file protein31.csv (CSV, C-alpha atoms and all ligand atoms)
chain,number,residue,atom,x,y,z
H,279,MET,CA,-55.5,3.9,70.9
H,280,ASN,CA,-53.2,6.1,73.0
H,281,ALA,CA,-50.1,7.7,71.4
H,282,PRO,CA,-47.3,5.3,72.6
H,283,ALA,CA,-49.4,2.2,71.8
H,284,ASN,CA,-50.0,3.7,68.3
H,285,GLN,CA,-46.3,4.3,67.9
H,286,ARG,CA,-45.5,0.8,68.9
H,287,ALA,CA,-48.0,-0.5,66.3
H,288,VAL,CA,-46.5,1.6,63.6
H,289,ARG,CA,-43.0,0.4,64.5
H,290,ARG,CA,-44.1,-3.2,64.5
H,291,HIS,CA,-45.6,-2.7,61.1
H,292,ASN,CA,-42.5,-0.9,59.7
H,293,VAL,CA,-40.1,-3.6,61.0
H,294,GLY,CA,-42.1,-6.1,58.9
H,295,VAL,CA,-41.9,-3.7,55.9
H,296,VAL,CA,-38.1,-3.7,56.1
H,297,LEU,CA,-37.7,-7.4,56.6
H,298,ARG,CA,-40.0,-8.3,53.7
H,299,HIS,CA,-38.3,-5.7,51.5
H,300,VAL,CA,-34.9,-7.3,52.1
H,301,ALA,CA,-36.3,-10.8,51.8
H,302,GLY,CA,-38.0,-10.0,48.6
H,303,ARG,CA,-35.5,-7.8,46.9
H,304,GLY,CA,-32.2,-9.1,48.1
H,305,PRO,CA,-29.2,-7.7,50.1
H,306,ARG,CA,-29.0,-3.8,50.1
H,307,SER,CA,-27.8,-0.9,52.2
H,308,ARG,CA,-29.8,0.9,54.8
H,309,ALA,CA,-29.8,4.0,52.6
H,310,THR,CA,-31.2,2.0,49.6
H,311,ILE,CA,-33.9,0.5,51.8
H,312,ALA,CA,-34.9,4.0,53.0
H,313,HIS,CA,-35.0,5.3,49.5
H,314,GLU,CA,-37.0,2.4,48.2
H,315,THR,CA,-39.5,2.1,51.1
H,316,GLY,CA,-40.0,5.8,51.7
H,317,LEU,CA,-39.1,5.4,55.4
H,318,ASN,CA,-36.6,7.9,56.7
H,319,LYS,CA,-32.9,6.9,57.1
H,320,SER,CA,-32.7,7.0,60.9
H,321,THR,CA,-35.9,5.0,61.2
H,322,VAL,CA,-34.5,2.4,58.8
H,323,SER,CA,-31.2,2.3,60.8
H,324,SER,CA,-33.1,1.7,64.0
H,325,LEU,CA,-35.4,-1.0,62.5
H,326,VAL,CA,-32.4,-2.8,60.9
H,327,THR,CA,-30.7,-2.8,64.3
H,328,GLU,CA,-33.8,-4.4,65.8
H,329,LEU,CA,-33.9,-7.0,63.1
H,330,ILE,CA,-30.2,-7.8,63.6
H,331,ASP,CA,-30.8,-8.2,67.3
H,332,LEU,CA,-33.7,-10.6,66.5
H,333,GLY,CA,-31.3,-12.6,64.4
H,334,LEU,CA,-33.3,-12.0,61.2
H,335,LEU,CA,-30.9,-9.8,59.4
H,336,VAL,CA,-27.1,-9.8,59.1
H,337,GLU,CA,-24.5,-7.3,57.8
H,338,ARG,CA,-22.3,-8.4,55.0
H,339,GLY,CA,-19.9,-6.5,52.7
H,340,THR,CA,-20.6,-3.2,51.1
H,341,GLU,CA,-23.0,-2.2,48.3
H,342,ARG,CA,-21.1,-1.8,45.0
H,343,THR,CA,-23.5,0.3,43.1
H,344,GLY,CA,-24.9,2.6,45.7
H,345,THR,CA,-26.9,5.2,43.9
H,346,VAL,CA,-28.0,6.9,47.1
H,347,GLY,CA,-25.3,8.5,49.3
H,348,ARG,CA,-22.1,6.8,50.3
H,349,PRO,CA,-21.8,3.0,49.7
H,350,GLY,CA,-22.9,1.4,53.0
H,351,LEU,CA,-22.8,-1.9,54.6
H,352,VAL,CA,-25.3,-4.3,53.0
H,353,VAL,CA,-27.8,-6.1,55.1
H,354,ASP,CA,-29.3,-9.5,54.1
H,355,VAL,CA,-31.7,-12.0,55.7
H,356,ALA,CA,-30.0,-14.2,58.3
H,357,GLY,CA,-30.4,-17.8,57.4
H,358,ALA,CA,-30.2,-19.0,60.9
H,359,GLY,CA,-32.8,-16.6,62.2
H,360,ALA,CA,-35.9,-18.7,61.8
H,361,ALA,CA,-37.1,-21.9,60.1
H,362,GLY,CA,-40.4,-23.0,58.7
H,363,ILE,CA,-41.5,-26.6,58.6
H,364,GLY,CA,-43.6,-28.0,55.8
H,365,LEU,CA,-45.2,-31.4,55.8
H,366,GLU,CA,-47.2,-33.2,53.1
H,367,VAL,CA,-49.7,-36.0,53.3
H,368,ASN,CA,-50.2,-37.8,50.0
H,369,ALA,CA,-51.9,-41.0,48.9
H,370,GLY,CA,-48.6,-42.9,48.7
H,371,SER,CA,-46.1,-40.9,50.8
H,372,LEU,CA,-45.5,-38.4,53.6
H,373,ALA,CA,-42.8,-35.7,53.3
H,374,ALA,CA,-41.2,-33.0,55.4
H,375,CYS,CA,-39.1,-30.0,54.5
H,376,ALA,CA,-37.6,-27.2,56.6
H,377,THR,CA,-36.2,-24.0,55.1
H,378,ASP,CA,-34.8,-20.8,56.5
H,379,LEU,CA,-35.6,-17.2,55.5
H,380,ALA,CA,-32.9,-17.3,52.7
H,381,GLY,CA,-34.7,-20.3,51.2
H,382,THR,CA,-32.0,-22.8,52.1
H,383,VAL,CA,-33.3,-26.3,52.8
H,384,LEU,CA,-32.2,-27.3,56.3
H,385,HIS,CA,-34.0,-30.6,56.6
H,386,ARG,CA,-35.7,-33.2,54.4
H,387,GLY,CA,-37.8,-36.2,55.4
H,388,TYR,CA,-39.7,-38.8,53.4
H,389,GLU,CA,-41.6,-41.9,54.1
H,390,ALA,CA,-43.6,-44.2,51.8
H,391,ALA,CA,-46.9,-44.6,53.5
H,392,ASP,CA,-50.5,-45.3,52.6
H,393,GLY,CA,-52.4,-42.0,53.1
H,394,ARG,CA,-55.6,-44.0,53.0
H,395,ALA,CA,-54.7,-45.9,56.2
H,396,GLY,CA,-56.9,-43.4,58.1
H,397,PRO,CA,-56.1,-40.2,59.9
H,398,ASP,CA,-55.0,-41.6,63.2
H,399,ALA,CA,-52.3,-43.9,61.8
H,400,VAL,CA,-51.2,-41.3,59.2
H,401,LEU,CA,-51.0,-38.4,61.6
H,402,ASP,CA,-49.0,-40.5,64.1
H,403,ARG,CA,-46.4,-41.1,61.3
H,404,LEU,CA,-46.5,-37.4,60.2
H,405,ALA,CA,-45.8,-36.3,63.8
H,406,VAL,CA,-42.7,-38.6,63.8
H,407,LEU,CA,-41.5,-36.8,60.7
H,408,ALA,CA,-42.2,-33.4,62.3
H,409,ARG,CA,-40.3,-34.2,65.4
H,410,ALA,CA,-37.3,-35.4,63.4
H,411,ALA,CA,-37.3,-32.0,61.6
H,412,LEU,CA,-37.6,-30.2,65.0
H,413,GLU,CA,-34.6,-32.1,66.4
H,414,ASP,CA,-32.5,-31.5,63.3
H,415,LEU,CA,-33.3,-27.8,63.5
H,416,LYS,CA,-32.4,-27.8,67.2
H,417,ALA,CA,-29.1,-29.4,66.4
H,418,GLN,CA,-28.5,-26.7,63.8
H,419,GLY,CA,-29.5,-23.9,66.2
H,420,VAL,CA,-32.3,-22.5,64.1
H,421,PRO,CA,-35.5,-21.8,65.9
H,422,PRO,CA,-38.7,-23.1,64.2
H,423,VAL,CA,-41.6,-20.7,63.9
H,424,GLY,CA,-44.4,-22.9,62.6
H,425,ILE,CA,-45.6,-26.0,60.8
H,426,ALA,CA,-47.8,-26.0,57.7
H,427,VAL,CA,-49.3,-29.2,56.4
H,428,ALA,CA,-50.2,-29.7,52.7
H,429,VAL,CA,-53.2,-32.0,52.1
H,430,PRO,CA,-54.8,-33.1,48.8
H,431,GLY,CA,-58.3,-31.8,49.4
H,432,LEU,CA,-60.6,-29.0,50.4
H,433,VAL,CA,-59.5,-27.1,53.4
H,434,ASP,CA,-60.9,-24.7,55.9
H,435,THR,CA,-57.6,-22.9,56.6
H,436,GLU,CA,-59.0,-20.8,59.4
H,437,ALA,CA,-60.2,-23.8,61.4
H,438,GLY,CA,-57.3,-26.0,60.4
H,439,LEU,CA,-59.8,-28.5,59.2
H,440,LEU,CA,-59.5,-30.8,56.2
H,441,LEU,CA,-63.1,-30.9,54.9
H,442,LEU,CA,-62.7,-33.5,52.2
H,443,ALA,CA,-59.9,-35.5,50.5
H,444,PRO,CA,-61.4,-38.1,48.2
H,445,GLY,CA,-58.0,-39.5,47.3
H,446,LEU,CA,-57.3,-40.3,51.0
H,447,GLY,CA,-60.9,-41.1,51.9
H,448,TRP,CA,-60.7,-38.5,54.7
H,449,GLU,CA,-63.6,-36.2,55.7
H,450,ARG,CA,-63.8,-33.4,58.3
H,451,VAL,CA,-60.4,-34.2,59.9
H,452,PRO,CA,-59.1,-31.4,62.3
H,453,VAL,CA,-55.6,-32.0,61.0
H,454,ALA,CA,-54.0,-28.9,62.6
H,455,ARG,CA,-55.2,-29.7,66.1
H,456,GLU,CA,-54.5,-33.4,65.9
H,457,LEU,CA,-51.0,-32.9,64.7
H,458,ALA,CA,-50.2,-30.1,67.2
H,459,GLU,CA,-51.2,-32.5,70.0
H,460,ARG,CA,-49.0,-35.3,68.7
H,461,VAL,CA,-46.0,-33.0,68.1
H,462,GLY,CA,-46.5,-31.5,71.6
H,463,VAL,CA,-44.5,-28.3,71.3
H,464,PRO,CA,-46.5,-25.5,73.0
H,465,GLY,CA,-46.4,-22.2,71.2
H,466,LEU,CA,-45.5,-23.8,67.8
H,467,PRO,CA,-48.5,-23.1,65.5
H,468,VAL,CA,-49.7,-25.8,63.1
H,469,THR,CA,-51.7,-24.8,60.0
H,470,ILE,CA,-52.9,-26.7,56.9
H,471,ASP,CA,-53.5,-25.8,53.3
H,472,ASN,CA,-54.3,-27.4,50.0
H,473,GLU,CA,-51.2,-29.0,48.4
H,474,ALA,CA,-51.6,-27.3,45.0
H,475,ASN,CA,-51.7,-23.9,46.8
H,476,LEU,CA,-48.6,-24.6,48.8
H,477,ALA,CA,-46.8,-26.0,45.7
H,478,ALA,CA,-47.7,-22.7,43.9
H,479,LEU,CA,-46.3,-20.8,46.8
H,480,ALA,CA,-43.0,-22.7,46.6
H,481,GLU,CA,-42.8,-22.1,42.8
H,482,LEU,CA,-43.5,-18.4,43.4
H,483,THR,CA,-40.7,-17.9,46.0
H,484,GLU,CA,-38.1,-20.5,45.0
H,485,GLY,CA,-39.1,-22.3,41.8
H,486,ALA,CA,-40.1,-21.8,38.2
H,487,GLY,CA,-42.7,-19.1,39.1
H,488,ARG,CA,-40.0,-16.8,40.6
H,489,GLY,CA,-40.3,-13.4,39.0
H,490,LEU,CA,-43.7,-14.1,37.5
H,491,ALA,CA,-46.7,-12.1,38.7
H,492,HIS,CA,-49.4,-14.2,37.1
H,493,PHE,CA,-49.1,-18.0,36.7
H,494,VAL,CA,-51.1,-21.2,37.3
H,495,HIS,CA,-49.4,-24.1,39.0
H,496,VAL,CA,-51.1,-27.3,37.8
H,497,SER,CA,-50.2,-30.1,40.2
H,498,GLY,CA,-50.5,-33.7,39.3
H,499,GLU,CA,-50.9,-35.8,42.5
H,500,VAL,CA,-53.8,-38.1,43.5
H,501,GLY,CA,-55.9,-35.8,41.3
H,502,ILE,CA,-55.1,-32.7,39.3
H,503,GLY,CA,-55.2,-29.5,41.3
H,504,ALA,CA,-54.2,-25.9,40.5
H,505,GLY,CA,-52.8,-23.1,42.6
H,506,VAL,CA,-53.4,-19.7,41.0
H,507,VAL,CA,-51.1,-16.8,41.5
H,508,LEU,CA,-52.4,-13.4,40.4
H,509,GLY,CA,-50.4,-10.2,41.0
H,510,GLY,CA,-47.8,-12.1,42.9
H,511,GLN,CA,-50.3,-13.4,45.4
H,512,LEU,CA,-52.0,-16.7,45.9
H,513,PHE,CA,-55.6,-16.4,44.8
H,514,ARG,CA,-57.9,-18.4,47.1
H,515,GLY,CA,-61.4,-17.4,45.9
H,516,ALA,CA,-64.3,-16.8,48.2
H,517,HIS,CA,-64.1,-20.0,50.2
H,518,GLY,CA,-60.6,-21.4,49.3
H,519,PHE,CA,-62.4,-24.1,47.1
H,520,GLY,CA,-61.0,-22.9,43.8
H,521,GLY,CA,-58.3,-24.7,41.8
H,522,GLN,CA,-60.3,-27.9,41.2
H,523,PHE,CA,-58.6,-28.0,37.8
H,524,GLY,CA,-59.0,-31.8,37.3
H,525,HIS,CA,-62.8,-31.5,37.6
H,526,MET,CA,-63.2,-28.9,34.8
H,527,THR,CA,-65.3,-30.4,32.1
H,528,VAL,CA,-63.3,-30.9,28.9
H,529,ASP,CA,-65.5,-33.6,27.3
H,530,PRO,CA,-69.2,-33.0,28.1
H,531,ASP,CA,-70.3,-36.4,26.9
H,532,GLY,CA,-67.2,-38.2,28.1
H,533,LEU,CA,-66.3,-40.7,30.8
H,534,ALA,CA,-67.8,-40.8,34.3
H,535,CYS,CA,-65.6,-39.2,36.9
H,536,VAL,CA,-65.1,-40.2,40.6
H,537,CYS,CA,-66.6,-36.8,41.5
H,538,GLY,CA,-70.0,-37.9,40.0
H,539,ALA,CA,-69.7,-35.6,37.0
H,540,ARG,CA,-68.8,-36.6,33.4
H,541,GLY,CA,-65.9,-35.8,31.2
H,542,CYS,CA,-63.7,-34.1,33.8
H,543,LEU,CA,-60.0,-33.4,32.8
H,544,GLU,CA,-58.9,-36.1,35.2
H,545,THR,CA,-60.7,-38.8,33.3
H,546,ARG,CA,-58.4,-38.0,30.3
H,547,ALA,CA,-55.2,-36.6,31.8
H,548,GLY,CA,-55.2,-37.9,35.4
H,549,LEU,CA,-52.4,-40.4,36.3
H,550,GLU,CA,-54.7,-43.4,36.4
H,551,ALA,CA,-56.2,-42.4,33.0
H,552,LEU,CA,-52.7,-42.1,31.5
H,553,LEU,CA,-51.5,-45.4,33.0
H,554,ALA,CA,-54.6,-47.2,31.7
H,555,ALA,CA,-54.3,-45.7,28.2
H,556,ALA,CA,-50.7,-46.8,28.1
H,557,GLY,CA,-51.7,-50.4,29.1
H,558,GLU,CA,-50.0,-50.2,32.6
H,559,ASP,CA,-51.7,-52.1,35.4
H,560,THR,CA,-54.5,-50.2,37.0
H,561,GLY,CA,-53.3,-50.7,40.5
H,562,GLU,CA,-55.0,-49.1,43.5
H,563,GLY,CA,-52.7,-46.0,43.3
H,564,GLY,CA,-51.0,-45.7,46.7
H,565,ALA,CA,-47.3,-46.4,47.0
H,566,LEU,CA,-47.2,-48.3,43.7
H,567,ALA,CA,-48.2,-45.3,41.7
H,568,GLY,CA,-44.7,-44.0,41.8
H,569,ASP,CA,-43.3,-47.2,40.3
H,570,ARG,CA,-45.9,-47.3,37.6
H,571,LEU,CA,-45.2,-43.7,36.8
H,572,ALA,CA,-41.5,-44.3,36.5
H,573,ARG,CA,-42.1,-47.3,34.2
H,574,LEU,CA,-44.4,-45.2,32.0
H,575,ARG,CA,-41.8,-42.4,31.7
H,576,ALA,CA,-39.1,-45.0,30.8
H,577,ARG,CA,-41.3,-46.6,28.2
H,578,ALA,CA,-42.1,-43.2,26.6
H,579,ASP,CA,-38.4,-42.2,26.7
H,580,ASP,CA,-37.6,-45.5,24.9
H,581,GLY,CA,-40.1,-44.6,22.1
H,582,ASP,CA,-42.7,-47.3,23.0
H,583,GLY,CA,-45.5,-46.5,20.6
H,584,VAL,CA,-48.4,-47.2,22.9
H,585,ALA,CA,-46.9,-45.1,25.8
H,586,VAL,CA,-46.0,-42.2,23.5
H,587,ALA,CA,-49.5,-42.2,21.9
H,588,ALA,CA,-51.2,-42.3,25.3
H,589,LEU,CA,-49.2,-39.3,26.6
H,590,ARG,CA,-49.8,-37.4,23.4
H,591,GLU,CA,-53.5,-37.9,23.8
H,592,GLY,CA,-53.3,-37.0,27.5
H,593,GLY,CA,-51.3,-33.9,26.5
H,594,HIS,CA,-54.0,-32.9,24.1
H,595,TRP,CA,-56.7,-33.0,26.8
H,596,LEU,CA,-54.4,-31.2,29.2
H,597,GLY,CA,-54.1,-28.5,26.6
H,598,VAL,CA,-57.8,-28.2,26.3
H,599,GLY,CA,-57.9,-27.5,30.1
H,600,LEU,CA,-55.0,-25.1,30.0
H,601,ALA,CA,-56.7,-23.2,27.1
H,602,ILE,CA,-59.8,-22.7,29.3
H,603,ALA,CA,-57.7,-21.3,32.2
H,604,ALA,CA,-55.7,-19.1,29.8
H,605,SER,CA,-58.8,-17.6,28.2
H,606,LEU,CA,-60.1,-16.7,31.7
H,607,LEU,CA,-56.9,-15.6,33.5
H,608,ASP,CA,-54.3,-14.6,30.8
H,609,PRO,CA,-51.4,-16.0,32.9
H,610,GLU,CA,-47.7,-15.6,31.9
H,611,ALA,CA,-47.1,-19.3,32.3
H,612,PHE,CA,-48.3,-22.6,33.5
H,613,VAL,CA,-46.0,-24.6,35.8
H,614,LEU,CA,-46.6,-28.3,35.7
H,615,GLY,CA,-45.9,-30.2,39.0
H,616,GLY,CA,-46.0,-33.7,40.4
H,617,PHE,CA,-46.5,-36.5,37.8
H,618,LEU,CA,-47.3,-33.8,35.1
H,619,ALA,CA,-43.7,-32.5,35.6
H,620,GLU,CA,-42.3,-36.0,35.4
H,621,LEU,CA,-44.1,-36.6,32.1
H,622,ALA,CA,-43.8,-33.1,30.8
H,623,PRO,CA,-41.4,-33.8,27.9
H,624,HIS,CA,-44.1,-36.2,26.5
H,625,LEU,CA,-47.2,-34.2,27.4
H,626,THR,CA,-46.1,-30.6,26.7
H,627,PRO,CA,-45.8,-30.7,22.8
H,628,ALA,CA,-49.4,-31.8,22.3
H,629,ALA,CA,-50.7,-29.5,25.2
H,630,ASP,CA,-48.8,-26.5,23.6
H,631,GLU,CA,-50.2,-27.3,20.2
H,632,GLU,CA,-53.8,-27.4,21.6
H,633,LEU,CA,-53.1,-24.1,23.5
H,634,ARG,CA,-51.8,-22.5,20.3
H,635,ALA,CA,-54.8,-23.7,18.2
H,636,ARG,CA,-57.3,-22.4,20.8
H,637,LEU,CA,-55.8,-19.1,21.7
H,638,LEU,CA,-54.3,-17.9,18.4
H,639,ALA,CA,-57.3,-15.7,17.6
H,640,THR,CA,-57.6,-13.9,20.9
H,641,GLN,CA,-54.2,-14.0,22.5
H,642,ARG,CA,-51.0,-13.1,20.7
H,643,GLU,CA,-48.8,-13.9,23.8
H,644,ARG,CA,-49.4,-17.5,24.6
H,645,PRO,CA,-48.5,-18.6,28.1
H,646,GLY,CA,-45.5,-20.9,28.2
H,647,ILE,CA,-45.7,-24.4,29.8
H,648,LEU,CA,-42.9,-24.9,32.3
H,649,ALA,CA,-42.1,-28.0,34.3
H,650,SER,CA,-41.5,-27.6,38.0
H,651,ALA,CA,-37.9,-28.3,39.1
H,652,LEU,CA,-38.8,-28.7,42.7
H,653,GLY,CA,-39.9,-32.3,42.3
H,654,PRO,CA,-42.0,-34.2,44.8
H,655,GLU,CA,-41.2,-31.9,47.7
H,656,ALA,CA,-42.8,-28.8,46.2
H,657,ALA,CA,-45.9,-28.8,48.5
H,658,ALA,CA,-43.9,-29.5,51.7
H,659,ARG,CA,-41.5,-26.8,50.7
H,660,GLY,CA,-44.4,-24.4,50.1
H,661,GLY,CA,-45.6,-25.3,53.6
H,662,ALA,CA,-42.2,-24.2,55.0
H,663,VAL,CA,-42.6,-20.9,53.1
H,664,LEU,CA,-46.1,-20.4,54.5
H,665,ALA,CA,-44.9,-21.1,58.0
H,666,LEU,CA,-42.1,-18.5,57.6
H,667,ARG,CA,-44.6,-15.9,56.5
H,668,ARG,CA,-45.6,-15.6,60.1
H,669,VAL,CA,-42.3,-14.0,60.9
H,670,LEU,CA,-42.2,-11.9,57.7
H,671,ASP,CA,-45.6,-10.6,58.6
H,672,ASP,CA,-44.6,-9.9,62.2
H,673,PRO,CA,-40.8,-10.1,62.8
H,674,GLY,CA,-41.3,-9.5,66.6
H,675,LEU,CA,-42.5,-13.0,66.9
H,676,ALA,CA,-38.9,-14.2,66.3
H,677,GLY,CA,-38.1,-12.9,69.8
H,678,GLU,CA,-41.0,-14.9,71.3
H,679,VAL,CA,-40.2,-18.3,69.8
H,680,THR,CA,-37.7,-19.4,72.5
H,681,VAL,CA,-40.4,-21.7,73.9
H,682,ALA,CA,-40.4,-23.5,70.6
H,683,ARG,CA,-36.6,-24.0,70.7
H,684,GLU,CA,-37.1,-26.6,73.4
H,685,VAL,CA,-38.1,-29.9,71.8
H,686,PRO,CA,-39.2,-32.3,74.5
H,687,VAL,CA,-37.6,-35.7,73.8
H,701,ZN,ZN,-64.6,-35.0,38.2
call {"tool": "encode", "arguments": {"input": "protein31.csv", "output": "structure tokens", "more": "lines below"}}
Ligand SMILES: [Zn+2]
result
Amino acid sequence: MNAPANQRAVRRHNVGVVLRHVAGRGPRSRATIAHETGLNKSTVSSLVTELIDLGLLVERGTERTGTVGRPGLVVDVAGAGAAGIGLEVNAGSLAACATDLAGTVLHRGYEAADGRAGPDAVLDRLAVLARAALEDLKAQGVPPVGIAVAVPGLVDTEAGLLLLAPGLGWERVPVARELAERVGVPGLPVTIDNEANLAALAELTEGAGRGLAHFVHVSGEVGIGAGVVLGGQLFRGAHGFGGQFGHMTVDPDGLACVCGARGCLETRAGLEALLAAAGEDTGEGGALAGDRLARLRARADDGDGVAVAALREGGHWLGVGLAIAASLLDPEAFVLGGFLAELAPHLTPAADEELRARLLATQRERPGILASALGPEAAARGGAVLALRRVLDDPGLAGEVTVAREVPV
């Protein structure tokens, strides 16, 4: 690489360092940024100017407790600089969520839909949600930088390929390419990821996992998945196939599972298992699952003995699963999402008891069990976070997204 090209590469790298620093640590002065990143002050000043020109940073007020030099103007991420769009495909619903770099939600979309209707019909509807988000962002004057789709299954993220989603009945669907074609905005990248991973990313940046370095997000959707955060980073394993929390064996001689194995956690603490144990109709999941879940929660809240006992039993099995994960990973906390968050008040006491019984001897610091506050949009919100990472990794892209500002109607 010749010298000027090398300098450009270093500058492109450093501009990302400054943006990520401010996005991660909050508003601060140029002098503080220089001190904390180890870059020299004049370099930081010039990089900040570039980021302001790109619309990614803004100046606001002065720093009160400036420890380095004179108090200076504080720079902060500019909300309107870029937006990420997250979409989610679930068995009973489709969702959309767009956020800006400051984490503000700019758009929400939701549609009850049967995810098992087949990829063509579902992706047509998903594209409609995506275009509504793009038009809303256009009206707000915030340029979109990408779309990330959360799917309940195994994913090849590099290829944008959904390999297998048993809950949807989908196999080898090139979701990223199919959706990009339907959305029809050249230059706007579309990626996909597992819903539990994206929900964990949302928890890490905006939810219950904020400030935690090591936690496991256990997501109750069609099945039970897990997103593992270690050292502040999403842990994906060798092939991205980890996090199959619901198919860990908790009861070796137990019930047969849809996956072909026996005694998986899902056969004891999955939504259908809990509904069946509580005497609710065993419907075919889909859009009705939400209604049956709400009814179960209401019955347990009212002290219905059968419902309370079913959730207590489910909580016990959940605790067995959490104890296995805790022994292996030593997380600071578990964050329950999806139906597990909805039922958390009734599941957590027994799960916590189980965790305490199984970990007492080896771990003095038991991980806490927290319920997600992000609700059903967690995975879509994580998709928006992932889409925005593109700009945090390479802020120069924000200057190149003008093509994506034009949404053909
Ligand atoms: Zn299984």
call {"tool": "residues_near_ligand", "arguments": {"input": "protein31.csv", "ligand": "ligand ZN 701 (chain H)", "cutoff": "6 Å", "atoms": "only C-alpha atoms and all ligand atoms", "output": "NGL selection string"}}
result
:H and (525 or 535-537 or 539 or 542)
call {"tool": "residues_around", "arguments": {"input": "protein31.csv", "residues": "segment 501-504 of chain H", "least_positions_apart": "6", "cutoff": "6 Å", "atoms": "all atoms listed in the file", "output": "PyMOL selection string"}}
result
chain H and resi 474+495+521-524
call {"tool": "closest_residue", "arguments": {"input": "protein31.csv", "among": "H:Pro623, H:Pro397, H:Gly615, H:Gly498", "to": "Arg575 of chain H", "atoms": "all atoms listed in the file"}}
result
H:Pro623
call {"tool": "residues_around", "arguments": {"input": "protein31.csv", "residues": "segment 546-555 of chain H", "least_positions_apart": "6", "cutoff": "9 Å", "atoms": "only C-alpha atoms", "output": "JSON, numbers by chain"}}
result
{"H": [498, 499, 500, 501, 502, 524, 528, 529, 533, 561, 563, 567, 570, 571, 574, 584, 585, 587, 588, 589, 591, 592, 593, 594, 595, 596, 617, 618]}
call {"tool": "residues_near_point", "arguments": {"input": "protein31.csv", "point": "(-26.5, -24.3, 65.7)", "cutoff": "12 Å", "atoms": "only C-alpha atoms", "output": "PyMOL selection string"}}
result
chain H and resi 357-360+384+413-421+683
call {"tool": "residues_near_point", "arguments": {"input": "protein31.csv", "point": "(-36.1, 3.6, 52.0)", "cutoff": "12 Å", "atoms": "all atoms listed in the file", "output": "list of chain:residue names"}}
result
H:Asn292, H:Val295, H:Val296, H:His299, H:Val300, H:Arg306, H:Ser307, H:Arg308, H:Ala309, H:Thr310, H:Ile311, H:Ala312, H:His313, H:Glu314, H:Thr315, H:Gly316, H:Leu317, H:Asn318, H:Lys319, H:Ser320, H:Thr321, H:Val322, H:Ser323, H:Leu325, H:Val326, H:Val346
call {"tool": "closest_residue", "arguments": {"input": "protein31.csv", "among": "H:Ala443, H:Leu648, H:Leu508, H:Leu490", "to": "Asn368 of chain H", "atoms": "only C-alpha atoms"}}
result
H:Ala443
call {"tool": "residues_around", "arguments": {"input": "protein31.csv", "residues": "Val468 of chain H", "least_positions_apart": "6", "cutoff": "7 Å", "atoms": "all atoms listed in the file", "output": "PyMOL selection string"}}
result
chain H and resi 424-426+454+458
call {"tool": "write_last_selection", "arguments": {"input": "protein31.csv", "atoms": "C-alpha atoms", "output": "PDB file, in the coordinates of the input"}}
result
ATOM      1  CA  GLY H 424     -44.400 -22.900  62.600  1.00  0.00           C
ATOM      2  CA  ILE H 425     -45.600 -26.000  60.800  1.00  0.00           C
ATOM      3  CA  ALA H 426     -47.800 -26.000  57.700  1.00  0.00           C
ATOM      4  CA  ALA H 454     -54.000 -28.900  62.600  1.00  0.00           C
ATOM      5  CA  ALA H 458     -50.200 -30.100  67.200  1.00  0.00           C
TER       6      ALA H 458
END
call {"tool": "closest_atom_pairs", "arguments": {"input": "protein31.csv", "of": "segment 349-386 of chain H", "to": "segment 429-434 of chain H", "cutoff": "12 Å", "atoms": "only C-alpha atoms", "output": "JSON lines"}}
result
{"residue": "H:Gly364", "atom": "CA", "partner": "H:Val429", "partner_atom": "CA", "distance": 11.0}
{"residue": "H:Leu365", "atom": "CA", "partner": "H:Val429", "partner_atom": "CA", "distance": 8.8}
{"residue": "H:Glu366", "atom": "CA", "partner": "H:Val429", "partner_atom": "CA", "distance": 6.2}
{"residue": "H:Val367", "atom": "CA", "partner": "H:Val429", "partner_atom": "CA", "distance": 5.4}
{"residue": "H:Asn368", "atom": "CA", "partner": "H:Pro430", "partner_atom": "CA", "distance": 6.7}
{"residue": "H:Ala369", "atom": "CA", "partner": "H:Pro430", "partner_atom": "CA", "distance": 8.4}
{"residue": "H:Gly370", "atom": "CA", "partner": "H:Pro430", "partner_atom": "CA", "distance": 11.6}
{"residue": "H:Ser371", "atom": "CA", "partner": "H:Val429", "partner_atom": "CA", "distance": 11.5}
{"residue": "H:Leu372", "atom": "CA", "partner": "H:Val429", "partner_atom": "CA", "distance": 10.1}
{"residue": "H:Ala373", "atom": "CA", "partner": "H:Val429", "partner_atom": "CA", "distance": 11.1}
call {"tool": "write_last_selection", "arguments": {"input": "protein31.csv", "atoms": "C-alpha atoms", "output": "tab-separated table (two decimals), in the coordinates of the input"}}
result
chain	number	residue	atom	x	y	z
H	364	GLY	CA	-43.60	-28.00	55.80
H	365	LEU	CA	-45.20	-31.40	55.80
H	366	GLU	CA	-47.20	-33.20	53.10
H	367	VAL	CA	-49.70	-36.00	53.30
H	368	ASN	CA	-50.20	-37.80	50.00
H	369	ALA	CA	-51.90	-41.00	48.90
H	370	GLY	CA	-48.60	-42.90	48.70
H	371	SER	CA	-46.10	-40.90	50.80
H	372	LEU	CA	-45.50	-38.40	53.60
H	373	ALA	CA	-42.80	-35.70	53.30
call {"tool": "closest_residue", "arguments": {"input": "protein31.csv", "among": "H:Pro645, H:Gly597, H:Gly304, H:Pro464", "to": "Leu633 of chain H", "atoms": "all atoms listed in the file"}}
result
H:Gly597
call {"tool": "closest_residue", "arguments": {"input": "protein31.csv", "among": "H:Ala491, H:Met526, H:Val586, H:Val355", "to": "Ala601 of chain H", "atoms": "only C-alpha atoms"}}
result
H:Met526
call {"tool": "closest_residue", "arguments": {"input": "protein31.csv", "among": "H:Glu456, H:Asp392, H:Glu655, H:Asp579", "to": "Leu621 of chain H", "atoms": "all atoms listed in the file"}}
result
H:Asp579
call {"tool": "residues_around", "arguments": {"input": "protein31.csv", "residues": "Gly302 of chain H", "least_positions_apart": "3", "cutoff": "12 Å", "atoms": "only C-alpha atoms", "output": "VMD selection string"}}
result
chain H and resid 294 to 299 305 to 306 311 354 to 355 379 to 381 482 to 484 488 to 489 510 667 670
